[in-house]
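Participant: Sharing structure10.cif, mmCIF, C-alpha atoms:
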data_structure
#
loop_
_atom_site.label_atom_id
_atom_site.label_comp_id
_atom_site.auth_asym_id
_atom_site.auth_seq_id
_atom_site.Cartn_x
_atom_site.Cartn_y
_atom_site.Cartn_z
CA MET A 709 42.18 175.69 215.25
CA ARG A 710 40.51 172.33 214.62
CA ASN A 711 39.06 173.58 211.33
CA THR A 712 42.48 174.84 210.26
CA ARG A 713 44.01 171.44 210.98
CA ILE A 714 41.28 169.72 208.95
CA LEU A 715 41.85 172.16 206.10
CA ILE A 716 45.60 171.55 206.10
CA LEU A 717 45.10 167.78 206.13
CA ALA A 718 42.55 168.02 203.31
CA LEU A 719 44.94 170.08 201.18
CA LEU A 720 47.82 167.66 201.85
CA GLY A 721 45.56 164.73 200.97
CA ALA A 722 44.51 166.41 197.72
CA GLY A 723 48.15 167.00 196.84
CA LEU A 724 49.06 163.35 197.35
CA ALA A 725 45.98 161.96 195.61
CA GLN A 726 47.21 162.43 192.02
CA ALA A 727 50.79 161.72 190.93
CA ALA A 728 50.63 163.83 187.74
CA GLU A 729 48.26 165.72 185.47
CA PRO A 730 47.69 165.08 181.79
CA PRO A 731 48.62 168.14 179.71
CA ALA A 732 45.71 170.49 180.36
CA ALA A 733 45.65 171.67 176.75
CA MET A 734 45.05 168.11 175.56
CA LEU A 735 42.08 167.52 177.86
CA ASP A 736 40.67 170.93 176.87
CA GLY A 737 41.03 169.93 173.24
CA TYR A 738 39.10 166.73 173.87
CA ARG A 739 36.40 168.66 175.77
CA ALA A 740 36.08 170.93 172.74
CA GLU A 741 35.19 167.76 170.83
CA ARG A 742 32.40 167.24 173.38
CA ALA A 743 34.21 164.61 175.43
CA GLY A 744 34.42 164.47 179.22
CA PRO A 745 34.19 164.08 182.11
CA PHE A 746 37.17 161.74 182.12
CA ASP A 747 37.46 158.64 184.23
CA ALA A 748 40.67 156.81 185.22
CA ALA A 749 38.76 153.60 185.94
CA ARG A 750 37.43 153.55 182.37
CA GLY A 751 40.96 154.16 181.13
CA GLU A 752 42.25 151.24 183.18
CA GLN A 753 39.55 148.96 181.87
CA MET A 754 40.40 149.81 178.25
CA TRP A 755 44.11 149.37 179.02
CA ASN A 756 43.57 145.75 180.02
CA GLU A 757 41.08 144.81 177.30
CA VAL A 758 42.18 142.13 174.85
CA HIS A 759 41.37 142.50 171.15
CA PRO A 760 41.81 139.57 168.76
CA HIS A 761 43.36 140.32 165.35
CA ASN A 762 43.59 137.34 163.02
CA GLY A 763 44.27 134.97 165.87
CA GLU A 764 46.65 137.37 167.63
CA ASN A 765 45.56 138.87 170.95
CA ARG A 766 46.39 142.56 171.22
CA SER A 767 46.20 144.83 174.23
CA CYS A 768 48.03 147.83 175.69
CA THR A 769 49.46 145.26 178.07
CA SER A 770 51.07 143.38 175.14
CA CYS A 771 53.95 145.86 175.30
CA HIS A 772 53.35 147.98 178.40
CA THR A 773 52.16 145.24 180.83
CA SER A 774 49.30 145.81 183.27
CA ASN A 775 51.64 147.35 185.83
CA LEU A 776 52.54 150.82 184.58
CA GLY A 777 55.32 151.11 187.16
CA GLN A 778 57.21 148.28 185.47
CA PRO A 779 59.20 148.56 182.24
CA GLY A 780 57.58 146.99 179.22
CA ARG A 781 58.98 145.26 176.11
CA HIS A 782 58.01 145.61 172.47
CA ALA A 783 55.98 142.49 171.69
CA ALA A 784 57.89 141.73 168.46
CA THR A 785 61.39 143.13 168.91
CA ASN A 786 61.72 142.80 172.72
CA LYS A 787 63.15 146.30 172.89
CA PRO A 788 62.73 147.57 176.49
CA ILE A 789 60.13 150.30 177.01
CA GLU A 790 60.44 152.72 179.93
CA PRO A 791 57.61 152.56 182.50
CA MET A 792 54.47 154.53 181.64
CA ALA A 793 53.76 155.66 185.22
CA PRO A 794 54.67 159.34 185.66
CA SER A 795 55.41 158.65 189.34
CA ILE A 796 58.25 156.36 188.19
CA ASN A 797 59.13 158.06 184.88
CA PRO A 798 58.55 161.83 185.06
CA GLN A 799 59.09 162.17 181.29
CA ARG A 800 55.67 160.65 180.67
CA LEU A 801 52.74 162.94 179.77
CA THR A 802 54.97 165.96 179.14
CA ASP A 803 55.02 166.06 175.34
CA PRO A 804 51.59 166.39 173.65
CA ALA A 805 52.93 165.71 170.13
CA LYS A 806 54.58 162.51 171.30
CA ILE A 807 51.40 161.44 173.11
CA GLU A 808 49.24 162.01 170.04
CA LYS A 809 51.73 160.16 167.81
CA TRP A 810 51.58 157.06 170.00
CA PHE A 811 47.78 157.28 170.31
CA THR A 812 47.56 157.26 166.49
CA ARG A 813 49.78 154.22 166.14
CA ASN A 814 48.77 152.19 169.16
CA CYS A 815 45.00 152.67 169.00
CA LYS A 816 45.06 151.53 165.38
CA TRP A 817 47.22 148.54 166.23
CA THR A 818 45.28 147.53 169.33
CA PHE A 819 41.69 148.51 168.56
CA GLY A 820 41.91 148.55 164.76
CA ARG A 821 40.78 152.19 164.70
CA ALA A 822 41.66 155.63 166.07
CA CYS A 823 40.72 156.35 169.69
CA SER A 824 37.94 158.84 170.32
CA ALA A 825 38.54 162.04 172.29
CA GLN A 826 36.67 160.46 175.22
CA GLU A 827 38.89 157.38 175.16
CA LYS A 828 42.06 159.43 174.95
CA GLY A 829 40.96 161.58 177.88
CA ASP A 830 40.17 158.49 179.94
CA PHE A 831 43.52 156.91 179.04
CA LEU A 832 45.47 160.03 180.00
CA THR A 833 43.57 160.36 183.27
CA PHE A 834 44.34 156.73 184.10
CA ILE A 835 48.04 157.00 183.20
CA ALA A 836 48.35 160.23 185.20
CA SER A 837 47.07 158.44 188.29
CA GLN A 838 49.86 155.84 188.17
CA MET B 1270 124.49 138.88 158.87
CA LYS B 1271 125.62 142.18 157.25
CA SER B 1272 124.02 145.12 159.07
CA LYS B 1273 122.70 146.79 155.88
CA PHE B 1274 121.02 143.59 154.85
CA ARG B 1275 119.61 143.20 158.32
CA ILE B 1276 118.16 146.73 158.24
CA LEU B 1277 116.59 146.02 154.85
CA LEU B 1278 115.16 142.75 156.11
CA VAL B 1279 113.65 144.45 159.19
CA ALA B 1280 112.23 147.26 157.03
CA LEU B 1281 110.67 144.80 154.59
CA SER B 1282 109.20 142.73 157.42
CA ALA B 1283 107.75 145.82 159.06
CA SER B 1284 106.15 146.91 155.78
CA ALA B 1285 104.72 143.46 155.21
CA LEU B 1286 103.31 143.47 158.73
CA VAL B 1287 101.66 146.86 158.28
CA LEU B 1288 100.20 145.95 154.89
CA THR B 1289 98.81 142.60 155.97
CA ALA B 1290 97.43 144.10 159.20
CA GLY B 1291 95.11 146.09 156.97
CA LEU B 1292 93.95 142.91 155.25
CA VAL B 1293 93.34 141.11 158.54
CA ARG B 1294 91.55 144.01 160.20
CA GLY B 1295 89.07 144.34 157.36
CA ASP B 1296 86.62 141.59 156.49
CA ASP B 1297 87.95 138.95 154.17
CA ASP B 1298 84.64 138.13 152.51
CA ASP B 1299 84.46 138.25 148.73
CA GLY B 1300 81.35 140.40 148.95
CA GLU B 1301 83.45 143.51 149.25
CA ARG B 1302 86.00 142.73 146.52
CA GLY B 1303 86.35 145.45 143.92
CA SER B 1304 86.70 148.28 146.42
CA ARG B 1305 90.01 149.86 147.26
CA LEU B 1306 92.22 147.90 149.64
CA TRP B 1307 92.32 150.63 152.24
CA GLY B 1308 88.53 151.19 152.33
CA LYS B 1309 86.79 152.20 155.54
CA LEU B 1310 88.35 150.16 158.34
CA SER B 1311 86.70 151.59 161.41
CA SER B 1312 83.18 152.56 160.33
CA ASP B 1313 82.01 150.31 157.56
CA VAL B 1314 78.48 151.66 157.29
CA ARG B 1315 77.93 155.35 157.69
CA PRO B 1316 76.44 155.93 161.18
CA VAL B 1317 72.99 157.47 161.58
CA ASP B 1318 73.30 161.26 161.67
CA SER B 1319 69.68 162.34 161.55
CA ALA B 1320 68.10 163.33 164.85
CA ALA B 1321 64.62 162.88 163.38
CA TYR B 1322 65.43 159.35 162.20
CA LYS B 1323 66.92 158.41 165.54
CA ALA B 1324 63.95 159.85 167.45
CA GLU B 1325 61.23 158.28 165.29
CA CYS B 1326 62.78 155.02 164.15
CA SER B 1327 64.47 153.52 167.19
CA SER B 1328 61.70 153.46 169.81
CA CYS B 1329 60.90 149.84 169.02
CA HIS B 1330 64.03 148.54 167.36
CA PHE B 1331 67.65 149.21 166.59
CA ALA B 1332 68.31 152.30 164.44
CA TYR B 1333 69.25 150.57 161.17
CA GLN B 1334 71.59 152.71 159.11
CA PRO B 1335 70.27 153.87 155.72
CA GLY B 1336 73.34 152.29 154.11
CA LEU B 1337 71.96 148.81 154.77
CA LEU B 1338 69.23 148.87 152.10
CA PRO B 1339 68.90 150.32 148.59
CA ALA B 1340 66.83 153.48 148.10
CA ARG B 1341 63.95 151.58 146.46
CA SER B 1342 63.57 149.47 149.62
CA TRP B 1343 63.47 152.50 151.87
CA GLU B 1344 60.91 154.16 149.63
CA ARG B 1345 58.61 151.16 149.78
CA LEU B 1346 59.01 150.97 153.54
CA MET B 1347 58.30 154.66 154.15
CA ASP B 1348 55.21 154.52 151.92
CA ASN B 1349 53.74 151.74 154.08
CA LEU B 1350 54.31 152.76 157.67
CA HIS B 1351 50.73 151.88 158.59
CA SER B 1352 51.74 148.25 158.00
CA HIS B 1353 55.28 148.07 159.29
CA PHE B 1354 56.14 144.41 159.94
CA GLY B 1355 52.82 143.90 161.71
CA ASP B 1356 52.90 147.22 163.51
CA ASN B 1357 51.58 150.70 162.88
CA ALA B 1358 54.47 153.14 162.64
CA GLU B 1359 52.62 156.09 161.12
CA LEU B 1360 54.14 159.54 161.22
CA ASP B 1361 52.80 163.00 160.47
CA PRO B 1362 53.39 163.75 156.77
CA ALA B 1363 56.11 166.38 157.29
CA THR B 1364 58.24 164.12 159.49
CA ARG B 1365 57.69 161.19 157.17
CA GLU B 1366 58.91 163.16 154.16
CA GLN B 1367 61.91 164.45 156.08
CA ILE B 1368 62.98 160.97 157.15
CA LYS B 1369 62.28 159.50 153.73
CA ALA B 1370 64.54 162.12 152.12
CA TYR B 1371 67.30 161.30 154.59
CA LEU B 1372 67.05 157.56 153.91
CA LEU B 1373 67.02 157.94 150.14
CA ALA B 1374 70.00 160.31 150.21
CA ASN B 1375 72.06 157.89 152.31
CA ALA B 1376 70.89 154.54 150.97
CA ALA B 1377 73.21 151.64 150.20
CA ASP B 1378 73.22 152.15 146.44
CA THR B 1379 74.69 155.63 146.73
CA ALA B 1380 76.67 155.31 149.97
CA GLN B 1381 80.41 155.53 149.68
CA THR B 1382 81.37 152.61 151.88
CA ARG B 1383 82.47 149.08 151.08
CA ARG B 1384 79.81 147.30 153.07
CA SER B 1385 76.95 149.43 151.81
CA ALA B 1386 78.05 148.69 148.26
CA ALA B 1387 78.09 144.99 149.11
CA PHE B 1388 74.53 145.20 150.42
CA ALA B 1389 73.31 147.15 147.40
CA ASN B 1390 75.08 145.00 144.79
CA SER B 1391 73.67 141.80 146.25
CA VAL B 1392 70.04 142.86 145.74
CA ALA B 1393 68.51 142.13 142.32
CA LYS B 1394 67.53 145.26 140.39
CA ASN B 1395 63.84 144.42 140.38
CA ASP B 1396 63.80 143.54 144.10
CA ALA B 1397 63.11 145.95 146.93
CA PRO B 1398 63.36 143.87 150.10
CA LEU B 1399 62.00 145.46 153.24
CA ARG B 1400 64.08 143.28 155.53
CA ILE B 1401 67.83 143.79 155.77
CA THR B 1402 67.96 140.21 156.95
CA GLU B 1403 66.59 139.03 153.59
CA THR B 1404 69.22 140.68 151.42
CA PRO B 1405 71.50 138.10 149.77
CA TYR B 1406 74.58 139.75 151.28
CA PHE B 1407 73.18 139.47 154.79
CA LEU B 1408 72.16 135.86 154.27
CA ARG B 1409 75.58 134.94 152.96
CA LYS B 1410 77.35 136.59 155.89
CA HIS B 1411 75.20 134.81 158.46
CA ASP B 1412 74.79 131.43 156.79
CA GLU B 1413 77.06 129.63 159.27
CA ILE B 1414 75.27 130.88 162.38
CA PRO B 1415 73.16 128.13 163.96
CA GLN B 1416 69.59 129.13 164.82
CA ARG B 1417 70.05 128.18 168.46
CA VAL B 1418 72.52 131.02 169.13
CA VAL B 1419 70.14 133.61 167.67
CA LEU B 1420 66.50 132.57 167.52
CA HIS B 1421 66.53 130.37 170.62
CA ASN B 1422 68.88 132.67 172.50
CA LYS B 1423 66.90 134.86 174.92
CA GLN B 1424 69.51 137.58 174.77
CA VAL B 1425 69.32 137.85 170.98
CA GLY B 1426 65.96 136.56 169.75
CA SER B 1427 66.21 137.49 166.10
CA PHE B 1428 68.68 138.23 163.31
CA SER B 1429 67.19 141.74 163.21
CA ASN B 1430 68.67 142.44 166.63
CA CYS B 1431 72.06 143.55 165.29
CA ILE B 1432 73.25 145.27 168.43
CA ALA B 1433 72.90 142.09 170.51
CA CYS B 1434 75.98 140.58 168.82
CA HIS B 1435 77.59 143.35 166.79
CA SER B 1436 78.89 145.37 169.71
CA ARG B 1437 79.48 148.53 167.64
CA ALA B 1438 76.52 148.28 165.28
CA ASP B 1439 75.25 151.60 166.57
CA GLN B 1440 78.44 153.18 165.17
CA GLY B 1441 77.96 151.51 161.82
CA SER B 1442 80.60 148.87 162.52
CA TYR B 1443 79.72 145.27 161.66
CA ASN B 1444 83.20 143.81 161.52
CA GLU B 1445 83.10 140.10 162.35
CA HIS B 1446 86.06 140.49 164.71
CA GLU B 1447 83.85 142.57 166.99
CA VAL B 1448 81.09 139.97 167.18
CA ARG B 1449 80.28 138.65 170.64
CA ILE B 1450 77.21 136.41 170.77
CA PRO B 1451 75.66 136.63 174.28
CA GLY B 1452 76.08 133.35 176.13
CA VAL B 1453 78.45 132.07 173.43
CA GLY B 1454 81.32 134.50 173.03
CA ARG B 1455 83.33 135.52 169.98
CA TRP B 1456 82.27 134.17 166.58
CA GLU B 1457 84.49 134.31 163.57
CA ASP B 1458 83.84 132.20 160.52
#
Translate this file's structure into structure tokens.
Facilitator:
Amino acid sequence: MRNTRILILALLGAGLAQAAEPPAAMLDGYRAERAGPFDAARGEQMWNEVHPHNGENRSCTSCHTSNLGQPGRHAATNKPIEPMAPSINPQRLTDPAKIEKWFTRNCKWTFGRACSAQEKGDFLTFIASQ
Amino acid sequence: MKSKFRILLVALSASALVLTAGLVRGDDDDGERGSRLWGKLSSDVRPVDSAAYKAECSSCHFAYQPGLLPARSWERLMDNLHSHFGDNAELDPATREQIKAYLLANAADTAQTRRSAAFANSVAKNDAPLRITETPYFLRKHDEIPQRVVLHNKQVGSFSNCIACHSRADQGSYNEHEVRIPGVGRWED
């Protein structure tokens, strides 16, 4: 009886631990490029990093802020951006083509280069946890 | 007054009212002279009717109608998405070609509306401005707007933010009678 209760609590805890999952096919694709395991903490660290570009500081937080539950704003046009956190905005992490499109643009803008499969996996794991 | 004369007078007045209402409702700027009097009154730039364009080109800014720039401007813009006003707006090649075709087919120099023609005619033949806000027609139409109500206005921010003041810009309507500047109110010059 006691073991059953522990098991039920463990399963409930596991269910609550992660708000969403990145699209499995995307992570598998990255693993096929010899990336993984993926780490949300690494993703969070990269999210908050600041990269100077000709005197301009660029970061994911420039548009998305460091709180993924909050709406963001485009740094130049001020257009509102829906929150990135899937727990707030269930549309996030549901469309692989859309995700890859924004990785292409935003990694180049922020880091000055494309993100590696490892970085993308870490980012998605971090965003999924929010 | 004789009743026949009175009827005629009323009829003439009514006609005059209807005819001049058309003049008042449309813009009275000389930029559009040369088009027919009864041109497009309700939608002066053809609204966006491409789902791909709307999906890909309005995530960060207002969906500018193709009829606001000549084809040569759109071509230059679409060939340089990696460097899009300081941003990277790259697309996969198929989507890029699809959107480019839509823009070129509906650009200001071939569009059938008064205002699009005004935009196109104002741009020198050897110019291909990337910014709508740098076309001579745009500059002329906004030359009496003080910077404080746009640039220093938190609710507007920039002249590129059409929808902030032009309440029906998303329907292609830029009539000055519809302008409401946030924090200021109506603006008609």
Participant: For chain B against chain A, which residues fall within 8 Å using only C-alpha atoms, given as a list in words?
Facilitator: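 Those within range of chain A come out as Ser1328, Cys1329, His1330, His1351, Asp1356, Asn1357, Ala1358, Glu1359, Leu1360, Asp1361, Ser1427 and Asn1430 of chain B.
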Participant: Mind dumping the selected residues with C-alpha atoms as a PDB file, in the frame of the given file?
Facilitator:
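This went into part_8.pdb:
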ATOM      1  CA  SER B1328      61.700 153.460 169.810  1.00  0.00           C
ATOM      2  CA  CYS B1329      60.900 149.840 169.020  1.00  0.00           C
ATOM      3  CA  HIS B1330      64.030 148.540 167.360  1.00  0.00           C
ATOM      4  CA  HIS B1351      50.730 151.880 158.590  1.00  0.00           C
ATOM      5  CA  ASP B1356      52.900 147.220 163.510  1.00  0.00           C
ATOM      6  CA  ASN B1357      51.580 150.700 162.880  1.00  0.00           C
ATOM      7  CA  ALA B1358      54.470 153.140 162.640  1.00  0.00           C
ATOM      8  CA  GLU B1359      52.620 156.090 161.120  1.00  0.00           C
ATOM      9  CA  LEU B1360      54.140 159.540 161.220  1.00  0.00           C
ATOM     10  CA  ASP B1361      52.800 163.000 160.470  1.00  0.00           C
ATOM     11  CA  SER B1427      66.210 137.490 166.100  1.00  0.00           C
ATOM     12  CA  ASN B1430      68.670 142.440 166.630  1.00  0.00           C
TER      13      ASN B1430
END
Participant: One decimal, in Å: what's the spacing between CA of Tyr1443 in chain B and CA of Ala1387 in chain B?
Facilitator: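 Computing the Euclidean distance for CA of Tyr1443 in chain B and CA of Ala1387 in chain B yields 12.7 Å.
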Participant: Looking at only C-alpha atoms, which of B:Lys1323, B:Arg1384, B:His1446, B:Lys1394 is the one that sits closest to Tyr1406 in chain B?
Facilitator: B:Arg1384
Participant: One number please: CA of Ala748 in chain A to CA of Pro760 in chain A, in Å, one decimal.
Facilitator: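 If I compute the distance from CA of Ala748 in chain A to CA of Pro760 in chain A, I get 23.9 Å.
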Participant: Using the chain letters and numbering of this document, enumerate as a PDB file with C-alpha atoms, in the frame of the given file the residues selected by the PyMOL selection byres ((chain A and resi 776) around 6).
Facilitator:
ATOM      1  CA  ASN A 775      51.640 147.350 185.830  1.00  0.00           C
ATOM      2  CA  GLY A 777      55.320 151.110 187.160  1.00  0.00           C
ATOM      3  CA  GLN A 778      57.210 148.280 185.470  1.00  0.00           C
ATOM      4  CA  PRO A 791      57.610 152.560 182.500  1.00  0.00           C
ATOM      5  CA  MET A 792      54.470 154.530 181.640  1.00  0.00           C
ATOM      6  CA  ALA A 793      53.760 155.660 185.220  1.00  0.00           C
TER       7      ALA A 793
END
Participant: Please list, as a ChimeraX atom specification, the residues that have an atom at most 12 Å away from (73.0, 143.6, 166.0) in the coordinates of this file, counting only C-alpha atoms.
Facilitator: /A:785 /B:1330-1334,1401-1402,1407,1411,1419,1424-1445,1447-1451
Participant: Taking into account all atoms listed in the file, which residue in the set B:Leu1399, B:Ala1340, B:Ala1320, B:Ala1393 is nearest to Thr1364 in chain B?
Facilitator: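 Closest residue, counting all atoms listed in the file: B:Ala1320.
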Participant: Can you tell me, as a list in words, which residues sit within 12 Å of (40.5, 141.5, 176.6) in the file's frame, using only C-alpha atoms?
Facilitator: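 Here the neighbourhood of the point contains Glu752, Gln753, Met754, Trp755, Asn756, Glu757, Val758, His759, Pro760, His761, Glu764, Asn765, Arg766, Ser767, Cys768, Thr769, Ser770, Ser774, Thr818 and Phe819 of chain A.
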Participant: Determine the residue membership of the PyMOL selection byres ((chain B and resi 1371) around 12) for the file above and supply it as a ChimeraX atom specification.
Facilitator: /B:1317-1323,1334-1336,1340,1343-1344,1347,1364-1370,1372-1376
Participant: Between CA of Pro794 in chain A and CA of Ala822 in chain A, what distance in Å does the model show, to one decimal?
Facilitator: 23.8 Å
Participant: Counting all atoms listed in the file, which residue out of A:Ala743, A:Ala732, A:Leu801, A:Met709 sits closest to Ser824 in chain A?
Facilitator: A:Ala743
Participant: Taking the file as I've supplied it (selection: the PyMOL selection byres ((chain B and resi 1396) around 12)), which residues are included? Please answer as a list in words.
Facilitator: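 Checking the PyMOL selection byres ((chain B and resi 1396) around 12) against this file, the residues are Leu1338, Pro1339, Ala1340, Arg1341, Ser1342, Trp1343, Arg1345, Ala1389, Asn1390, Ser1391, Val1392, Ala1393, Lys1394, Asn1395, Ala1397, Pro1398, Leu1399, Arg1400, Glu1403, Thr1404 and Pro1405 of chain B.
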Participant: Could you give me, as a list of chain:residue names, the residues within 9 Å of Arg742 in chain A, counting only C-alpha atoms and dropping anything in the same chain fewer than 2 positions from it?
Facilitator: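 Here the answer would be A:Tyr738, A:Arg739, A:Ala740, A:Gly744, A:Ala825, A:Gln826.
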Participant: Using all atoms listed in the file, find the one residue out of B:Val1453, B:Asn1422, B:Leu1337, B:Leu1281 that sits nearest to Thr1379 in chain B.
Facilitator: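 The shortest atom-to-atom distance to Thr1379 in chain B comes from B:Leu1337.
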